[in-house]
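As stored in protein26.txt (compact mmCIF, C-alpha atoms):
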# COMPACT_ATOMS: atom_id res chain seq x y z
CA ASP A 1 65.08 -103.22 159.93
CA GLY A 2 64.89 -99.59 158.81
CA GLY A 3 61.84 -98.41 156.99
CA ILE A 4 58.74 -96.27 156.86
CA THR A 5 55.62 -97.07 158.84
CA GLN A 6 52.27 -95.68 157.78
CA SER A 7 49.12 -96.03 159.84
CA PRO A 8 46.34 -96.79 159.65
CA LYS A 9 46.40 -99.06 156.61
CA TYR A 10 42.67 -98.55 155.99
CA LEU A 11 40.58 -95.63 157.19
CA PHE A 12 36.97 -94.69 156.72
CA ARG A 13 35.73 -91.18 157.28
CA LYS A 14 32.41 -89.42 157.13
CA GLU A 15 32.11 -86.29 155.03
CA GLY A 16 33.02 -83.17 156.97
CA GLN A 17 35.50 -84.89 159.27
CA ASN A 18 39.22 -84.24 159.45
CA VAL A 19 41.52 -87.25 159.57
CA THR A 20 45.22 -87.58 160.26
CA LEU A 21 47.48 -90.15 158.61
CA SER A 22 50.65 -91.11 160.44
CA CYS A 23 54.10 -91.54 158.85
CA GLU A 24 57.19 -92.52 160.84
CA GLN A 25 60.66 -93.35 159.49
CA ASN A 26 63.76 -94.76 161.19
CA LEU A 27 66.08 -94.35 158.20
CA ASN A 28 67.56 -91.07 159.48
CA HIS A 29 66.42 -89.41 156.26
CA ASP A 30 66.18 -85.64 156.15
CA ALA A 31 63.40 -85.30 153.58
CA MET A 32 59.87 -86.66 153.77
CA TYR A 33 57.02 -86.58 151.26
CA TRP A 34 53.31 -87.23 150.91
CA TYR A 35 51.87 -88.44 147.61
CA ARG A 36 48.34 -89.22 146.60
CA GLN A 37 47.62 -92.03 144.13
CA ASP A 38 44.37 -92.35 142.20
CA PRO A 39 43.63 -94.93 139.48
CA GLY A 40 45.11 -93.74 136.17
CA GLN A 41 46.64 -90.63 137.79
CA GLY A 42 50.00 -91.83 138.99
CA LEU A 43 51.60 -90.25 142.06
CA ARG A 44 50.84 -86.62 142.78
CA LEU A 45 52.84 -84.65 145.35
CA ILE A 46 50.86 -83.14 148.22
CA TYR A 47 53.54 -81.76 150.58
CA TYR A 48 57.21 -82.30 151.25
CA SER A 49 59.67 -81.37 153.96
CA GLN A 50 63.43 -81.19 153.59
CA ILE A 51 64.18 -80.27 157.19
CA VAL A 52 62.48 -80.23 160.58
CA ASN A 53 60.02 -77.35 161.11
CA ASP A 54 59.88 -76.54 157.40
CA PHE A 55 57.69 -77.87 154.57
CA GLN A 56 56.57 -76.88 151.08
CA LYS A 57 53.37 -77.33 149.11
CA GLY A 58 53.36 -79.79 146.27
CA ASP A 59 51.08 -79.86 143.24
CA ILE A 60 47.84 -80.66 145.07
CA ALA A 61 48.16 -79.19 148.61
CA GLU A 62 44.68 -77.68 148.84
CA GLY A 63 42.62 -79.33 151.57
CA TYR A 64 45.65 -80.91 153.27
CA SER A 65 47.96 -79.85 156.09
CA VAL A 66 51.21 -81.25 157.52
CA SER A 67 53.66 -80.70 160.35
CA ARG A 68 57.32 -81.67 160.82
CA GLU A 69 58.13 -81.30 164.49
CA LYS A 70 60.49 -84.30 164.55
CA LYS A 71 62.85 -85.67 161.93
CA GLU A 72 61.20 -89.10 162.15
CA SER A 73 57.59 -88.00 161.78
CA PHE A 74 55.55 -86.28 159.06
CA PRO A 75 51.79 -86.60 159.69
CA LEU A 76 49.26 -85.59 157.04
CA THR A 77 45.83 -84.18 157.92
CA VAL A 78 43.10 -84.49 155.33
CA THR A 79 40.69 -81.70 156.13
CA SER A 80 37.02 -81.33 155.32
CA ALA A 81 38.05 -78.78 152.68
CA GLN A 82 39.47 -81.55 150.49
CA LYS A 83 36.69 -82.14 147.95
CA ASN A 84 37.57 -85.66 146.88
CA PRO A 85 39.69 -87.29 149.62
CA THR A 86 39.07 -90.95 148.79
CA ALA A 87 42.49 -92.18 147.58
CA PHE A 88 45.61 -94.19 148.38
CA TYR A 89 48.12 -92.04 150.31
CA LEU A 90 51.83 -92.79 150.20
CA CYS A 91 54.52 -91.41 152.48
CA ALA A 92 58.16 -91.46 151.39
CA SER A 93 61.55 -90.29 152.61
CA SER A 94 65.00 -89.69 151.15
CA ARG A 95 68.45 -88.43 151.99
CA GLU A 96 69.17 -84.87 150.98
CA THR A 97 72.87 -85.35 150.26
CA GLY A 98 75.38 -88.10 149.63
CA PRO A 99 74.92 -91.50 147.94
CA GLY A 100 71.31 -92.25 147.19
CA ALA A 101 70.13 -88.69 147.63
CA ASN A 102 66.74 -88.14 146.01
CA VAL A 103 65.99 -91.85 145.90
CA LEU A 104 62.64 -92.27 147.61
CA THR A 105 61.80 -95.06 150.03
CA PHE A 106 58.05 -95.55 150.35
CA GLY A 107 55.78 -96.78 153.08
CA ALA A 108 53.06 -99.37 152.46
CA GLY A 109 50.36 -96.72 152.07
CA SER A 110 47.10 -95.74 153.73
CA ARG A 111 43.80 -96.17 151.93
CA LEU A 112 41.25 -93.51 152.89
CA THR A 113 37.60 -93.93 151.98
CA VAL A 114 35.03 -91.21 152.57
CA LEU A 115 31.55 -92.57 153.20
CA GLN B 1 52.13 -80.94 129.14
CA LYS B 2 52.99 -83.13 132.09
CA GLU B 3 56.73 -83.23 132.77
CA VAL B 4 56.89 -87.04 132.62
CA GLU B 5 54.59 -88.92 130.25
CA GLN B 6 53.98 -92.65 130.46
CA ASP B 7 51.51 -94.89 128.67
CA PRO B 8 49.33 -96.43 131.40
CA GLY B 9 48.65 -99.62 129.44
CA PRO B 10 47.56 -102.15 130.51
CA LEU B 11 50.19 -104.34 128.88
CA SER B 12 49.77 -108.11 128.76
CA VAL B 13 52.57 -110.46 127.62
CA PRO B 14 53.23 -114.21 127.75
CA GLU B 15 55.78 -115.61 130.18
CA GLY B 16 59.31 -115.44 128.78
CA ALA B 17 58.65 -112.39 126.56
CA ILE B 18 60.86 -109.32 126.48
CA VAL B 19 58.98 -106.34 127.88
CA SER B 20 59.70 -102.74 126.90
CA LEU B 21 58.32 -99.94 129.06
CA ASN B 22 58.83 -96.33 128.03
CA CYS B 23 58.52 -92.76 129.24
CA THR B 24 59.25 -89.35 127.82
CA TYR B 25 60.10 -86.21 129.76
CA SER B 26 60.12 -82.52 128.89
CA ASN B 27 62.47 -80.88 131.42
CA SER B 28 66.02 -80.61 130.05
CA ALA B 29 67.35 -80.13 133.59
CA PHE B 30 66.38 -83.66 134.61
CA GLN B 31 69.50 -85.69 135.43
CA TYR B 32 68.25 -88.51 137.65
CA PHE B 33 66.02 -91.26 136.32
CA MET B 34 64.36 -94.02 138.27
CA TRP B 35 62.03 -96.93 137.79
CA TYR B 36 59.80 -98.09 140.62
CA ARG B 37 57.76 -101.29 140.77
CA GLN B 38 54.47 -101.32 142.64
CA TYR B 39 52.52 -104.44 143.45
CA SER B 40 48.80 -104.13 144.02
CA ARG B 41 47.91 -102.34 147.28
CA LYS B 42 51.58 -101.87 148.20
CA GLY B 43 54.02 -98.97 148.21
CA PRO B 44 56.40 -98.55 145.24
CA GLU B 45 59.89 -100.01 145.53
CA LEU B 46 62.97 -98.80 143.70
CA LEU B 47 63.93 -101.04 140.80
CA MET B 48 66.54 -99.09 138.83
CA TYR B 49 68.40 -95.79 139.28
CA THR B 50 70.32 -94.03 136.51
CA TYR B 51 72.23 -90.78 136.44
CA SER B 52 72.37 -88.93 133.11
CA SER B 53 72.44 -90.87 129.82
CA GLY B 54 73.35 -94.47 129.21
CA ASN B 55 72.39 -98.00 130.12
CA LYS B 56 72.30 -99.82 133.43
CA GLU B 57 71.76 -103.53 133.80
CA ASP B 58 70.67 -105.52 136.86
CA GLY B 59 69.86 -109.15 136.24
CA ARG B 60 66.89 -109.37 133.88
CA PHE B 61 66.32 -105.61 133.99
CA THR B 62 67.96 -102.93 131.83
CA ALA B 63 67.31 -99.21 132.20
CA GLN B 64 68.15 -96.92 129.30
CA VAL B 65 68.19 -93.12 129.15
CA ASP B 66 68.56 -91.08 125.96
CA LYS B 67 68.81 -87.44 126.97
CA SER B 68 69.00 -86.24 123.36
CA SER B 69 65.46 -87.49 122.73
CA LYS B 70 64.31 -87.24 126.39
CA TYR B 71 63.36 -90.91 126.36
CA ILE B 72 63.50 -93.36 129.29
CA SER B 73 63.15 -97.11 128.84
CA LEU B 74 63.01 -100.22 131.01
CA PHE B 75 63.52 -103.65 129.45
CA ILE B 76 62.61 -106.87 131.21
CA ARG B 77 64.05 -110.08 129.76
CA ASP B 78 62.55 -113.52 130.28
CA SER B 79 59.51 -112.00 131.96
CA GLN B 80 57.90 -113.94 134.81
CA PRO B 81 54.40 -113.89 136.30
CA SER B 82 56.00 -112.36 139.42
CA ASP B 83 56.88 -109.32 137.29
CA SER B 84 53.17 -108.50 137.05
CA ALA B 85 52.92 -105.07 138.66
CA THR B 86 52.65 -101.38 137.87
CA TYR B 87 55.92 -99.79 136.75
CA LEU B 88 56.46 -96.10 137.43
CA CYS B 89 59.15 -93.97 135.83
CA ALA B 90 60.36 -90.89 137.71
CA SER B 91 62.86 -88.12 137.20
CA ASN B 92 64.21 -84.89 138.68
CA SER B 93 67.05 -82.42 138.47
CA GLY B 94 68.48 -83.40 141.85
CA ASN B 95 67.25 -80.53 144.01
CA THR B 96 63.52 -80.82 143.34
CA PRO B 97 61.00 -83.53 144.24
CA LEU B 98 60.72 -86.51 141.91
CA VAL B 99 58.15 -86.22 139.15
CA PHE B 100 56.39 -89.49 138.37
CA GLY B 101 54.74 -90.84 135.26
CA LYS B 102 51.26 -92.31 135.56
CA GLY B 103 52.60 -95.87 135.68
CA THR B 104 52.17 -98.80 133.27
CA ARG B 105 50.30 -101.85 134.50
CA LEU B 106 51.98 -105.05 133.30
CA SER B 107 50.54 -108.56 133.36
CA VAL B 108 52.76 -111.55 132.55
CA ILE B 109 50.62 -114.57 131.70
CA ALA B 110 51.92 -118.07 132.52
Write the structure described by the file as structure tokens, please.
Amino acid sequence: DGGITQSPKYLFRKEGQNVTLSCEQNLNHDAMYWYRQDPGQGLRLIYYSQIVNDFQKGDIAEGYSVSREKKESFPLTVTSAQKNPTAFYLCASSRETGPGANVLTFGAGSRLTVL
Amino acid sequence: QKEVEQDPGPLSVPEGAIVSLNCTYSNSAFQYFMWYRQYSRKGPELLMYTYSSGNKEDGRFTAQVDKSSKYISLFIRDSQPSDSATYLCASNSGNTPLVFGKGTRLSVIA
């Protein structure tokens, strides 16, 4: 079955530590996205990538970094510069063209808690 | 002003009720409108997808878009306890990332 795999599902981090969240898709989608979800805030875009080796900042990119070395993979690093990193992180992907373009398919999410 | 506004609720209805969920948007260039359903501690899943104005029906669900008033609606008929979830509206112009509302939390009481 095609889909998006996020890992780990739960992650605990001490203040000052960087942490990397994994996102892998086997849908052959060109575009990949990272969203952050906080209670009462909805989904806020962190970074997105429409093609390998290229990515753009979203609305709340400060304190985060990404890479897109392979079409299937779009890892997100939460750095120590992110002031309030405790949140639910969602990875998504979509086609860029053709039927269903712009329709996002989401992973199951990763919950990060800073201790 | 946020580009997509949505009342976060919570909304509580009895089983069998008709549910109306609504969003407004401000960007006239928006052409694509979606509703996602998210169960607790899960990723959102696409429920309805509409291009431009009009209605779209899928079983008990109807999505409605009125571009003249920039209003997006989702109707759920004969609501079931399994419909209890957070519903997120989203929109874009087609070449920009989706913009999401804050989501409305719905509880259907048996």
Please report as a tab-separated table every residue of chain B lying within 10 Å of chain A, along with the nearest atom pair and their distance in Å (one decimal), using only C-alpha atoms.
residue	atom	partner	partner_atom	distance
B:Gln6	CA	A:Gly42	CA	9.4
B:Asp7	CA	A:Gly40	CA	9.9
B:Pro8	CA	A:Gly40	CA	6.9
B:Gly9	CA	A:Gly40	CA	9.6
B:Tyr32	CA	A:Asn102	CA	8.5
B:Phe33	CA	A:Val103	CA	9.6
B:Met34	CA	A:Val103	CA	8.1
B:Tyr36	CA	A:Leu104	CA	9.5
B:Arg41	CA	A:Gly109	CA	7.8
B:Lys42	CA	A:Ala108	CA	5.2
B:Gly43	CA	A:Ala108	CA	4.4
B:Pro44	CA	A:Phe106	CA	6.2
B:Glu45	CA	A:Phe106	CA	6.8
B:Leu46	CA	A:Thr105	CA	7.4
B:Tyr49	CA	A:Val103	CA	8.1
B:Thr86	CA	A:Gly42	CA	10.0
B:Leu88	CA	A:Gly42	CA	7.9
B:Cys89	CA	A:Gly42	CA	9.9
B:Ala90	CA	A:Leu43	CA	9.8
B:Ser91	CA	A:Asn102	CA	9.6
B:Asn92	CA	A:Asn102	CA	8.4
B:Ser93	CA	A:Asn102	CA	9.5
B:Gly94	CA	A:Asn102	CA	6.5
B:Asn95	CA	A:Asn102	CA	7.9
B:Thr96	CA	A:Asn102	CA	8.4
B:Pro97	CA	A:Asn102	CA	7.6
B:Leu98	CA	A:Asn102	CA	7.5
B:Val99	CA	A:Arg44	CA	8.2
B:Phe100	CA	A:Leu43	CA	6.1
B:Gly101	CA	A:Gly42	CA	6.1
B:Lys102	CA	A:Gly42	CA	3.7
B:Gly103	CA	A:Gly42	CA	5.8
B:Thr104	CA	A:Gly40	CA	9.2
B:Arg105	CA	A:Gly40	CA	9.8
### Task
Calculate how many Å separate atom CA of B:Glu3 from atom CA of B:Ser28, rounding to one decimal.
10.0 Å
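Close contacts of A:Ala61, defined as residues with an atom at most 12 Å away when counting all atoms listed in the file, with chain neighbours fewer than 5 positions off set aside, comprise Tyr33, Trp34, Tyr35, Arg36, Arg44, Leu45, Ile46, Tyr47, Tyr48, Phe55, Gln56, Val66, Leu76, Thr77, Val78, Thr79, Ala81, Gln82, Lys83 and Pro85 of chain A.
Interatomic distance, atom CA of B:Ser20 against atom CA of B:Lys2: 21.4 Å.
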As lines of an AutoDock Vina configuration file: centre and edge lengths in Å, one decimal, of the axis-aligned box holding stretch 56-75 of chain A with 4 Å per side:
center_x = 52.7
center_y = -83.0
center_z = 153.9
size_x = 28.2
size_y = 20.2
size_z = 29.3
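With only C-alpha atoms as the atoms that count, the minimum distance from B:Cys23 to the choices B:Ser79, B:Ala85, B:Thr50, B:Ile72 is reached by B:Ile72.
Shortest atom-to-atom contact with B:Phe61 among B:Met48, B:Val108, B:Leu21, B:Ile76: B:Ile76, counting all atoms listed in the file.
Of the listed residues B:Asp78, B:Asp83, B:Asp66, B:Glu57, the one whose atoms come nearest to B:Thr24 is B:Asp66, with distances taken using only C-alpha atoms.
For the pair atom CA of A:His29 and atom CA of B:Tyr25, the separation is 27.4 Å.
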